[in-house]
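K.L.:
Just passing along the structure, written as C-alpha coordinates.
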Amino acid sequence: ARPAAEIGQAVRALAAEGRRRELDALLAAYVRVRAPEEAARCAAADPPVLVPLLLEAAGRVSAERHRDLVHALRVAGLSA
(Lines give C-alpha, C1' and ligand atoms only; values in the text may rest on other atoms or scores of the structure.)
Protein backbone atom coordinates (compact mmCIF):
# COMPACT_ATOMS: atom_id res chain seq x y z
CA ALA A 1 0.00 0.00 0.00
CA ARG A 2 1.79 3.08 -1.29
CA PRO A 3 1.03 6.56 0.06
CA ALA A 4 -1.18 8.78 -2.06
CA ALA A 5 1.67 11.18 -2.88
CA GLU A 6 3.79 8.33 -4.19
CA ILE A 7 0.97 7.10 -6.43
CA GLY A 8 0.55 10.65 -7.74
CA GLN A 9 4.23 10.82 -8.63
CA ALA A 10 4.10 7.44 -10.36
CA VAL A 11 1.08 8.48 -12.40
CA ARG A 12 2.77 11.74 -13.42
CA ALA A 13 5.86 9.82 -14.51
CA LEU A 14 3.83 7.33 -16.55
CA ALA A 15 1.90 10.17 -18.20
CA ALA A 16 5.11 12.03 -19.03
CA GLU A 17 6.54 8.89 -20.61
CA GLY A 18 3.38 8.26 -22.63
CA ARG A 19 2.80 4.89 -20.98
CA ARG A 20 -0.98 5.08 -21.16
CA ARG A 21 -1.72 1.37 -20.75
CA GLU A 22 0.24 1.15 -17.50
CA LEU A 23 -1.21 4.45 -16.30
CA ASP A 24 -4.78 3.29 -16.97
CA ALA A 25 -4.17 -0.02 -15.18
CA LEU A 26 -2.64 1.67 -12.13
CA LEU A 27 -5.41 4.25 -11.80
CA ALA A 28 -8.21 1.74 -12.36
CA ALA A 29 -6.86 -0.43 -9.57
CA TYR A 30 -6.22 2.56 -7.34
CA VAL A 31 -9.68 4.12 -7.59
CA ARG A 32 -11.29 0.70 -7.23
CA VAL A 33 -9.60 -0.26 -3.95
CA ARG A 34 -8.86 3.06 -2.23
CA ALA A 35 -11.27 5.49 -0.63
CA PRO A 36 -12.23 8.47 -2.82
CA GLU A 37 -10.64 10.80 -0.25
CA GLU A 38 -7.30 9.06 -0.66
CA ALA A 39 -7.56 9.22 -4.44
CA ALA A 40 -8.20 12.96 -4.10
CA ARG A 41 -5.01 13.30 -2.04
CA CYS A 42 -3.16 11.60 -4.87
CA ALA A 43 -4.27 14.37 -7.23
CA ALA A 44 -2.67 17.07 -5.05
CA ALA A 45 0.72 16.33 -6.63
CA ASP A 46 -0.38 17.89 -9.94
CA PRO A 47 -4.12 18.66 -10.12
CA PRO A 48 -4.24 19.81 -13.77
CA VAL A 49 -2.79 16.48 -14.90
CA LEU A 50 -4.06 14.07 -12.26
CA VAL A 51 -7.66 15.19 -11.68
CA PRO A 52 -8.82 14.41 -15.25
CA LEU A 53 -6.96 11.09 -15.25
CA LEU A 54 -8.46 10.06 -11.92
CA LEU A 55 -11.96 11.05 -12.99
CA GLU A 56 -11.62 9.12 -16.21
CA ALA A 57 -10.47 6.03 -14.33
CA ALA A 58 -13.26 6.37 -11.76
CA GLY A 59 -15.82 6.67 -14.55
CA ARG A 60 -14.62 3.41 -16.03
CA VAL A 61 -15.04 1.72 -12.63
CA SER A 62 -18.60 2.93 -11.99
CA ALA A 63 -20.84 5.97 -12.01
CA GLU A 64 -21.00 5.81 -8.21
CA ARG A 65 -17.20 5.79 -7.87
CA HIS A 66 -16.98 8.76 -10.24
CA ARG A 67 -19.56 10.71 -8.24
CA ASP A 68 -17.79 9.92 -4.95
CA LEU A 69 -14.45 11.04 -6.36
CA VAL A 70 -15.92 14.30 -7.68
CA HIS A 71 -17.20 15.02 -4.18
CA ALA A 72 -13.87 14.11 -2.55
CA LEU A 73 -11.98 16.36 -4.97
CA ARG A 74 -14.30 19.28 -4.17
CA VAL A 75 -13.90 18.75 -0.43
CA ALA A 76 -10.11 18.63 -0.90
CA GLY A 77 -10.24 21.96 -2.74
CA LEU A 78 -9.24 20.50 -6.08
CA SER A 79 -11.28 21.36 -9.14
CA ALA A 80 -13.35 18.49 -10.44
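All residue names refer to the C-alpha coordinates as shown: chains lettered A, B, ... in order, residues numbered from 1 in each chain, ligands numbered from 1 in order.
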Excluding A:Ala35 and residues on its chain fewer than 3 positions from it, collect all residues at most 10 Å away from it, counting only C-alpha atoms, and give them as a list of chain:residue names.
P.N.:
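Counting only C-alpha atoms, the residues come to A:Tyr30, A:Val31, A:Arg32, A:Glu38, A:Ala39, A:Ala40, A:Arg65, A:Asp68, A:Leu69, A:Ala72.
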K.L.:
Could you save the residues just selected, with N, CA, C and O atoms, as a CSV table (one decimal), in the first residue's frame?
P.N.:
chain,number,residue,atom,x,y,z
A,30,TYR,N,-6.3,1.6,-8.5
A,30,TYR,CA,-6.2,2.6,-7.3
A,30,TYR,C,-7.6,3.1,-7.0
A,30,TYR,O,-8.0,3.1,-5.8
A,31,VAL,N,-8.4,3.6,-7.9
A,31,VAL,CA,-9.7,4.1,-7.6
A,31,VAL,C,-10.7,3.0,-7.2
A,31,VAL,O,-11.6,3.3,-6.5
A,32,ARG,N,-10.4,1.8,-7.6
A,32,ARG,CA,-11.3,0.7,-7.2
A,32,ARG,C,-11.1,0.3,-5.8
A,32,ARG,O,-12.1,0.0,-5.1
A,38,GLU,N,-8.7,9.3,-0.4
A,38,GLU,CA,-7.3,9.1,-0.7
A,38,GLU,C,-6.9,9.3,-2.1
A,38,GLU,O,-5.9,9.8,-2.4
A,39,ALA,N,-7.8,8.9,-3.0
A,39,ALA,CA,-7.6,9.2,-4.4
A,39,ALA,C,-7.5,10.7,-4.7
A,39,ALA,O,-6.6,11.2,-5.5
A,40,ALA,N,-8.3,11.5,-4.0
A,40,ALA,CA,-8.2,13.0,-4.1
A,40,ALA,C,-6.9,13.5,-3.6
A,40,ALA,O,-6.3,14.4,-4.2
A,65,ARG,N,-18.6,5.5,-8.2
A,65,ARG,CA,-17.2,5.8,-7.9
A,65,ARG,C,-16.8,7.2,-8.4
A,65,ARG,O,-16.2,7.9,-7.8
A,68,ASP,N,-18.5,9.8,-6.2
A,68,ASP,CA,-17.8,9.9,-4.9
A,68,ASP,C,-16.4,10.6,-5.1
A,68,ASP,O,-16.1,11.4,-4.2
A,69,LEU,N,-15.7,10.4,-6.2
A,69,LEU,CA,-14.4,11.0,-6.4
A,69,LEU,C,-14.6,12.5,-6.6
A,69,LEU,O,-13.9,13.3,-6.1
A,72,ALA,N,-15.1,14.1,-3.3
A,72,ALA,CA,-13.9,14.1,-2.5
A,72,ALA,C,-12.9,15.2,-3.1
A,72,ALA,O,-12.2,15.8,-2.3
K.L.:
Which residues are near A:Pro47? Cut-off 8 Å, only C-alpha atoms, ignore same chain within fewer than 4 positions. Put them as a count of residues only.
P.N.:
4
K.L.:
For A:Leu54, which residue among A:Val11, A:Glu37, A:Leu27, A:Ala4 is the nearest when counting only C-alpha atoms?
P.N.:
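The answer is A:Leu27, which sits nearest to A:Leu54.
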K.L.:
Point out the residue among A:Cys42, A:Ala63, A:Leu55, A:Ala76 with the least atom-to-atom distance to A:Arg12, counting only C-alpha atoms.
P.N.:
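For A:Arg12, the nearest of the given residues is A:Cys42.
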K.L.:
From the options A:Ala57, A:Glu6, A:Glu64, A:Ala45, which residue's atoms come nearest to A:Arg20, counting only C-alpha atoms?
P.N.:
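Checking each candidate against A:Arg20, we get A:Ala57 as the closest.
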K.L.:
Running DSSP on the backbone, which parts of chain A land in alpha helix (DSSP H), as a PyMOL selection string?
P.N.:
chain A and resi 4-16+20-33+36-43+47-61+63-75
K.L.:
For A:Ala25, which residue among A:Pro52, A:Gln9, A:Arg2, A:Arg60 is the nearest when counting only C-alpha atoms?
P.N.:
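Of A:Pro52, A:Gln9, A:Arg2, A:Arg60, the one nearest A:Ala25 is A:Arg60, counting only C-alpha atoms.
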K.L.:
Nearest to A:Glu22 among A:Leu73, A:Ala44, A:Ala1, A:Ala10, with distances taken over only C-alpha atoms: which residue is it?
P.N.:
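Closest residue, counting only C-alpha atoms: A:Ala10.
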K.L.:
One decimal, Å: what's the distance from atom CA of A:Arg21 over to atom CA of A:Arg74, could you say?
P.N.:
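Separation of atom CA of A:Arg21 and atom CA of A:Arg74: 27.5 Å.
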K.L.:
Can you measure atom CA of A:Ala58 to atom CA of A:Asp24 for me? One decimal in Å is fine.
P.N.:
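Distance reported for this atom pair: 10.4 Å.
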K.L.:
Can you measure atom CA of A:Gly77 to atom CA of A:Asp46 for me? One decimal in Å is fine.
P.N.:
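According to the coordinates, atom CA of A:Gly77 and atom CA of A:Asp46 are separated by 12.9 Å.
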